[in-house]
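Taking it in order: structure first as C-alpha cells, then the write-up.
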2 protein chains.
Amino acid sequence: MALKELASASNKKAKRVTVHDVARVAGVAIGTVSRVVNGAPSVTEEVRSRVLNAISELGWTPNVAAQGMRGVSARMIGFIFSDIRNPLYSAMVKGAEDALTEHGYMLVVASSNSSPEREVALVELFTRRRADGLLFTVEEESDAGMLQAIRDARFPVVLIERELALPIDTVGADHFNGTRQAAEYLLSLGHRRIALISGGKTNRVGRDRLGGFLQAHQRAGVPVDRDLLRLDSFASEYGFRETQVLLGRERRPTAIISSGMHLLSGVLEAVRMKGLDIPGDISLITSNDTELARLATPAVSVIRYDPYALGREAALQLLRRIARETPQDPIRIEIPTEFVLRQSCSPPRMIVK
Amino acid sequence: MALKELASASNKKAKRVTVHDVARVAGVAIGTVSRVVNGAPSVTEEVRSRVLNAISELGWTPNVAAQGMRGVSARMIGFIFSDIRNPLYSAMVKGAEDALTEHGYMLVVASSNSSPEREVALVELFTRRRADGLLFTVEEESDAGMLQAIRDARFPVVLIERELALPIDTVGADHFNGTRQAAEYLLSLGHRRIALISGGKTNRVGRDRLGGFLQAHQRAGVPVDRDLLRLDSFASEYGFRETQVLLGRERRPTAIISSGMHLLSGVLEAVRMKGLDIPGDISLITSNDTELARLATPAVSVIRYDPYALGREAALQLLRRIARETPQDPIRIEIPTEFVLRQSCSPPRMIVK
DNA sequence: TTGTACGCGTTATCAT
DNA sequence: ATGATAACGCGTACAA
C-alpha cells in the first residue's frame with residue numbers, strides 16, 4: 001500500500017492549469033483573467049465573480065516562472081552570514097524572516113563559512129537568481145573581490161553589523177556605547193587594569209567595542225595597558241587561552257570584558273582552572289547575553305542587545321529600499337545595547353596603581 | 001531587425017544581455033549558444049570557444065525565469081520548522097545547507113511558529129514557488145490539513161524528527177535507545193524513582209523517549225510511577241515548574257531525565273532553589289548536549305546526537321529522492337545517540353523501596 | 001554540425 | 001469593458 005501511494009504520487013502527471021483554462025471555463029479572454037487577479041479597476045462585477053469561480057474551481061495559481069519573464073519579482077531575499085549556528089545569526093534570521101514573510105518575501109540563507117571567496121560566489125549566485133535584495137554580514141570589510149561583487153549586484157544590500165567604503169544602508173548594535181558603559185562601570189568600581197578580549201579587529205563590531213573601551217578610559221583619565229587588549233578572535237578557545245595568559249601575569253588584570261558570544265565559556269573555564277573567585281579575585285562582564293551568563297555561578301553581568309530586532313530592522317530597511325520608500329542617501333540604523341548588572345563584578349581586592 | 005537594434009542601442013535603458021546578443025557576438029545562432037552552455041556533444045571546438053568568449057565578454061548568464069518556463073528546476077529546497085532560534089534547528093539547517101550547496105541548491109527557511117495553519121500555507125507557498133523538495137519538521141503529526149497539504153505537494157518531502165501516516169522518508173535521532181540507555185544507567189545505580197520531563201507527547205521524539213524510558217524499567221522489572229512522567233512541554237518554564245512540583249512531593253524522585261534543549265535551565269534553577277545537591281540529593285541526565293550542561297557545576301550527563309549530521313543526512317536523502325536514486329519505498333534513517341557520563345549522577349542516598 | 005522556429009504562461013498594449 | 005495578440009528569454013525538435 002505504501003509502495004502504491006508513493007508510486008502514484010510520483011507518477012502524477014498533473015497537467016498544469018493555465019490562464020487559458022481559467023479563461024475557457026469562465027468564458028472570457030485571458031486578458032480578463034489577468035485583469036481580475038491583478039485587480040484592474042475596469043471589470044464588471046459579474047465577469048469578475050465568474051473568473052474567480054473558475055479560478056477556485058480549477059485551483060489555478062499563476063506560474064511564477066512565467067510571471068518572472070514578465071518582470072514580476074521573485075520576492076526573494078538572501079542573507080549571507082558566516083554560520084547560522086551562531087545564536088546571534090539565528091535570531092537575526094528569525095527577525096528578518098518574520099518581517100519578510102509579512103511582505104510576501106522568501107528568505108534564502110547562505111553560509112559563507114567566513115570565506116570571502118564564497119561570499120563573492122554567493123553574491124553572484126543571488127544576482128543570477130534575481131534576488132530582490134540582500135542582507136549581508138561581510139567577513140572582511142576591505143576584501144576587494146567582495147566590494148566589487150556588491151557594486152555589480154543588481155539589487156539593494158543592507159549590511160548587518162558591518163560597514164563598507166560604499167554608500168550602503170547599515171544596521172548594527174551600538175557596541176561602542178555598550179562597551180563604554182561596561183568599562184565605565186568597572187572603572188567606577190576602582191578597577192585600573194581591565195582586559196578586553198574580543199575579535200573582529202577589522203570590522204565595525206570590533207572597532208566600536210575597542211573605541212568604547214578606550215573612550216571610557218580616556219574620560220576617566222586611566223591609561224590603557226596595550227598588553228591587556230586581546231583582539232584576535234571570537235572563539236571560545238581564544239578566550240580560554242588568552243585568559244590563562246592574562247591571569248598568569250605578575251600584574252594581572254582585576255577585570256575582564258569578553259566581547260563575543262562564545263568567549264565566556266573559555267574565560268570561565270580558565271578562571272576556574274586558576275582557582276580564582278568571581279568577583280572577589282576577578283570581575284567579569286561579557287557580551288552578548290546567554291543562558292550560560294544567566295545561569296553561571298555567580299551570574300555574569302552582560303552587555304546585551306536584541307539580535308531579533310536587529311534582523312527585523314535590517315529586513316524592513318531593505319524592503320523600504322526595494323520599494324524606494326527611503327531617501328537615496330544610505331541609512332545607518334543602530335540597535336541600542338543595555339548593560340545588565342549581575343553578580344560578577346565587585347571592586348578590585350587590591351588597587352594596582 | 002537593424003532598425004530595432006538601432007532603436008534599442010539609442011535607448012538609454014541598460015538592456016539585459018540574452019542568448020541573442022551572445023549569438024550575434026559569436027557569429028552563431030542562438031541554438032548553438034544553448035548547446036554550448038548545456039554541454040551538447042555536437043559542437044565544433046572552434047565554435048565552442050567562440051561562444052564561450054562571447055559569453056564571458058558580455059557577462060551573460062541564463063535568465064532563470066526563462067529557464068523555469070522551459071521546465072528547468074529552480075534548484076530550491078524549503079525547510080519548515082517551528083523556530084530557527086532553537087539551536088537544534090540552526091545546526092540542522094547548517095547541515096542541510098552544506099549538503100544542498102554542494103549540489104547547487106538554495107535553501108529557503110520557513111518558521112511555522114508551531115502553527116499547523118501556517119505549515120499548510122507554507123507547503124502551498126512552496127508548491128506555488130515550484131520548490132524541488134521540502135525538509136519538514138511537522139508540528140502536529142495528525143493535523144489533517146497538513147497531511148492533505150503534503151499529499152497535494154508536487155515535490156518529495158523528507159520528515160525530520162517526525163513520522164506520519166504517509167509513505168514519506170524520515171530522518172530522526174535514535175531517541176528511543178538514547179533514553180533507554182540513560183534510564184538503564186540510573187536504574188543500575190539503584191534509582192527506583194526516576195522522573196521524565198519532556199514534551200512532544202504526540203510526536204515521534206516524545207513517543208520514542210517515553211518508549212525507551214518504559215522499556216528500561218520493564219527490563220529491570222521496576223514499575224513506573226505515572227506521576228513521575230511530565231510530558232507536556234519542552235519549555236524552560238515547564239522544566240522549572242514541574243521540577244518544583246516533583247521535588248516538593250513527599251516521595252520525591254531520586255533522579256530526573258529532562259529531554260529537551262531548554263528544559264535543563266529550568267530544572268537546574270528549581271533544584272538550586274530547593275537547595276538540593278547534585279548528584280547527592282538528586283541525579284540528573286538531560287538531552288541534548290549544551291554549553292550549559294558542559295559548564296554547569298557539576299557538569300551534567302547528557303544524551304546527545306549530532307543535529308548537523310541529521311540535517312545533512314535529511315538533505316542528502318531528499319536529493320536522492322529528487323534524483324530518483326533511491327528505492328520507491330520510504331526510507332527511515334536514524335542518527336545514533338550517545339550517552340555522555342559527567343558528574344551529575346550517583347547512587348541514590350536513600351533507597352526508596 | 002548548425003540554424004530556424006515554436007512554445008512555455010504571463011502581463012501589457014492595442015483594438016474594438 | 002473586454003478580446004486579441006505581442007513580447008519576455010530560453011530550450012529543443014526539426015530542417016538544412
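Order determines the names: the first chain of the C-alpha cells is A, the second B, and so forth; residues in each chain are numbered 1 upward, and ligands are numbered 1 upward as they are shown.
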Do me a favour and pick out the residues of chain A within 8 Å of chain D, using only C-alpha atoms (C1' of nucleotides), as a tab-separated table (two decimals) with all heavy atoms, in the first residue's frame.
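Writing done, so here's selection26.tsv:
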```
chain	number	residue	atom	x	y	z
A	29	ALA	N	-11.71	36.09	-22.07
A	29	ALA	CA	-10.37	36.04	-22.67
A	29	ALA	C	-9.32	36.06	-21.56
A	29	ALA	O	-9.59	36.51	-20.44
A	29	ALA	CB	-10.16	37.22	-23.60
A	31	GLY	N	-6.84	37.88	-21.10
A	31	GLY	CA	-6.54	39.22	-20.59
A	31	GLY	C	-7.44	39.57	-19.42
A	31	GLY	O	-7.00	40.19	-18.44
A	32	THR	N	-8.68	39.16	-19.53
A	32	THR	CA	-9.64	39.46	-18.46
A	32	THR	C	-9.26	38.74	-17.17
A	32	THR	O	-9.35	39.30	-16.07
A	32	THR	CB	-11.05	39.05	-18.90
A	32	THR	OG1	-11.36	39.72	-20.12
A	32	THR	CG2	-12.07	39.42	-17.84
A	42	SER	N	-11.28	48.10	-14.14
A	42	SER	CA	-12.36	48.03	-15.12
A	42	SER	C	-12.82	46.59	-15.41
A	42	SER	O	-12.54	46.07	-16.47
A	42	SER	CB	-11.90	48.67	-16.43
A	42	SER	OG	-10.77	47.96	-16.92
A	43	VAL	N	-13.45	45.99	-14.44
A	43	VAL	CA	-14.01	44.66	-14.67
A	43	VAL	C	-15.41	44.60	-14.06
A	43	VAL	O	-15.60	44.96	-12.90
A	43	VAL	CB	-13.15	43.55	-14.03
A	43	VAL	CG1	-13.73	42.18	-14.34
A	43	VAL	CG2	-11.72	43.64	-14.54
A	44	THR	N	-16.36	44.16	-14.87
A	44	THR	CA	-17.73	44.01	-14.37
A	44	THR	C	-17.77	43.04	-13.20
A	44	THR	O	-17.05	42.03	-13.20
A	44	THR	CB	-18.64	43.45	-15.49
A	44	THR	OG1	-18.47	44.25	-16.66
A	44	THR	CG2	-20.09	43.46	-15.06
A	69	MET	N	9.21	36.09	-16.18
A	69	MET	CA	9.55	36.54	-17.53
A	69	MET	C	8.96	37.91	-17.84
A	69	MET	O	9.46	38.65	-18.68
A	69	MET	CB	9.04	35.52	-18.54
A	69	MET	CG	9.87	34.27	-18.51
A	69	MET	SD	10.07	33.62	-20.15
A	69	MET	CE	10.74	35.01	-21.01
A	70	ARG	N	7.84	38.17	-17.22
A	70	ARG	CA	7.20	39.46	-17.45
A	70	ARG	C	7.74	40.52	-16.49
A	70	ARG	O	7.15	41.59	-16.37
A	70	ARG	CB	5.69	39.33	-17.28
A	70	ARG	CG	5.06	38.39	-18.27
A	70	ARG	CD	5.19	38.92	-19.66
A	70	ARG	NE	4.74	40.32	-19.73
A	70	ARG	CZ	5.02	41.14	-20.72
A	70	ARG	NH1	5.75	40.72	-21.71
A	70	ARG	NH2	4.56	42.37	-20.72
A	71	GLY	N	8.77	40.17	-15.78
A	71	GLY	CA	9.39	41.17	-14.93
A	71	GLY	C	8.87	41.20	-13.50
A	71	GLY	O	9.31	42.01	-12.69
```
> DSSP says alpha helix (DSSP H) for which residues of segment 93-318 of chain B? Put them as a ChimeraX atom specification?
Replying inline: /B:93-102,116-128,144-152,175-189,204-220,236-248,263-273,291-295,307-318
>> For a test of reading the model, state the distance in Å between atom CA of Arg75 of chain B and atom CA of Leu318 of chain B, rounded to one decimal.
In response: 12.2 Å
What residues in chain C have any atom no more than 12 Å from chain B when counting only C-alpha atoms (C1' of nucleotides), and can you write them as a JSON list (two decimals) with N, CA and C atoms (P, O5', C5', C4', C3', O3' and C1' of nucleotides), in the first residue's frame?
```json
[["chain", "number", "residue", "atom", "x", "y", "z"],
["C", 1, "DT", "P", 29.07, 16.57, -35.26],
["C", 1, "DT", "O5'", 29.05, 18.15, -35.38],
["C", 1, "DT", "C5'", 30.09, 18.84, -35.97],
["C", 1, "DT", "C4'", 29.46, 19.97, -36.71],
["C", 1, "DT", "C3'", 28.98, 21.10, -35.78],
["C", 1, "DT", "O3'", 29.54, 22.31, -36.27],
["C", 1, "DT", "C1'", 27.24, 20.45, -37.26],
["C", 2, "DT", "P", 29.47, 23.65, -35.51],
["C", 2, "DT", "O5'", 28.08, 24.25, -35.97],
["C", 2, "DT", "C5'", 27.98, 24.82, -37.27],
["C", 2, "DT", "C4'", 26.55, 25.12, -37.58],
["C", 2, "DT", "C3'", 25.90, 26.19, -36.70],
["C", 2, "DT", "O3'", 25.69, 27.33, -37.51],
["C", 2, "DT", "C1'", 24.43, 24.39, -37.19],
["C", 3, "DG", "P", 25.06, 28.67, -36.91],
["C", 3, "DG", "O5'", 23.59, 28.61, -37.49],
["C", 3, "DG", "C5'", 23.42, 28.54, -38.89],
["C", 3, "DG", "C4'", 21.94, 28.48, -39.24],
["C", 3, "DG", "C3'", 21.09, 29.58, -38.60],
["C", 3, "DG", "O3'", 20.18, 30.04, -39.57],
["C", 3, "DG", "C1'", 20.25, 27.43, -38.00],
["C", 4, "DT", "P", 19.22, 31.24, -39.22],
["C", 4, "DT", "O5'", 17.82, 30.50, -39.02],
["C", 4, "DT", "C5'", 17.48, 29.42, -39.87],
["C", 4, "DT", "C4'", 16.03, 29.00, -39.61],
["C", 4, "DT", "C3'", 15.10, 30.10, -39.08],
["C", 4, "DT", "O3'", 13.84, 29.92, -39.69],
["C", 4, "DT", "C1'", 15.18, 28.31, -37.53],
["C", 5, "DA", "P", 12.68, 30.96, -39.51],
["C", 5, "DA", "O5'", 11.74, 30.14, -38.50],
["C", 5, "DA", "C5'", 11.45, 28.77, -38.80],
["C", 5, "DA", "C4'", 10.60, 28.17, -37.68],
["C", 5, "DA", "C3'", 9.57, 29.14, -37.10],
["C", 5, "DA", "O3'", 8.44, 28.39, -36.74],
["C", 5, "DA", "C1'", 11.02, 28.46, -35.40],
["C", 7, "DG", "P", 3.62, 26.30, -31.62],
["C", 7, "DG", "O5'", 3.86, 26.06, -30.07],
["C", 7, "DG", "C5'", 4.62, 24.95, -29.62],
["C", 7, "DG", "C4'", 5.07, 25.22, -28.20],
["C", 7, "DG", "C3'", 4.02, 25.95, -27.34],
["C", 7, "DG", "O3'", 3.92, 25.28, -26.10],
["C", 7, "DG", "C1'", 6.08, 27.10, -27.27],
["C", 8, "DC", "P", 2.64, 25.40, -25.22],
["C", 8, "DC", "O5'", 3.22, 25.72, -23.79],
["C", 8, "DC", "C5'", 4.25, 24.92, -23.21],
["C", 8, "DC", "C4'", 5.06, 25.75, -22.27],
["C", 8, "DC", "C3'", 4.23, 26.76, -21.47],
["C", 8, "DC", "O3'", 3.85, 26.16, -20.24],
["C", 8, "DC", "C1'", 6.31, 27.70, -22.27],
["C", 9, "DG", "P", 2.31, 26.13, -19.83],
["C", 9, "DG", "O5'", 2.10, 27.60, -19.24],
["C", 9, "DG", "C5'", 2.71, 27.92, -18.01],
["C", 9, "DG", "C4'", 2.56, 29.39, -17.74],
["C", 9, "DG", "C3'", 1.11, 29.88, -17.67],
["C", 9, "DG", "O3'", 0.99, 30.68, -16.53],
["C", 9, "DG", "C1'", 2.34, 31.18, -19.21],
["C", 10, "DT", "P", -0.33, 31.31, -16.05],
["C", 10, "DT", "O5'", 0.00, 32.86, -16.05],
["C", 10, "DT", "C5'", 1.15, 33.31, -15.36],
["C", 10, "DT", "C4'", 1.71, 34.55, -15.98],
["C", 10, "DT", "C3'", 0.78, 35.76, -15.98],
["C", 10, "DT", "O3'", 1.11, 36.56, -14.86],
["C", 10, "DT", "C1'", 2.05, 35.55, -18.03]]
```
> chain A residues within 9 Å of chain B, counting only C-alpha atoms: which ones, as a PyMOL selection string?
Replying inline: chain A and resi 1-3+5-7+9-10+12+14+61-69+74+83-94+97-98+101+106-111+128-130+265+268-269+291-292+295-297
> How far is it from atom CA of Ser73 of chain A to atom CA of Glu102 of chain A, in Å with one decimal?
Replying inline: 16.2 Å
> Skipping near chain neighbours, those fewer than 4 positions away, what residues fall within 7 Å of segment 157-164 of chain B using only C-alpha atoms (C1' of nucleotides), listed as a ChimeraX atom specification?
Replying inline: /B:133-138,141,168-173,203-205,314,318
>> Please extract the residues of segment 73-244 of chain B with a backbone DSSP assignment of strand (DSSP E or B) and present them as a PyMOL selection string.
In response: chain B and resi 76-81+106-111+133-136+157-160+169-173+194-198+229-230
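The coordinates place atom CA of Pro336 of chain B at 8.6 Å from atom CA of Asn177 of chain B.
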>> Report as a PyMOL selection string all protein, DNA and RNA residues lying within 10 Å of Val340 of chain B, evaluated on only C-alpha atoms (C1' of nucleotides), omitting residues in the same chain fewer than 2 positions from it.
In response: chain B and resi 182+285-286+289+300-304+337-338+342
>> Please list as a ChimeraX atom specification every residue within 8 Å of Gln181 of chain B, counting only C-alpha atoms (C1' of nucleotides) and excluding residues in the same chain fewer than 3 positions away.
In response: /B:177-178,184-185,212,216,339
Keeping only C-alpha atoms, write the selected residues to a file as a short mmCIF file (atom, residue, chain, number, x, y, z; two decimals), in the first residue's frame.
```cif
data_model
loop_
_atom_site.label_atom_id
_atom_site.label_comp_id
_atom_site.auth_asym_id
_atom_site.auth_seq_id
_atom_site.Cartn_x
_atom_site.Cartn_y
_atom_site.Cartn_z
CA ASN B 177 17.78 3.95 22.67
CA GLY B 178 19.28 7.17 23.97
CA GLU B 184 19.19 1.89 32.39
CA TYR B 185 22.22 3.64 33.81
CA GLY B 212 12.88 3.90 25.75
CA ALA B 216 14.40 0.21 30.52
CA PHE B 339 25.25 8.74 26.41
#
```
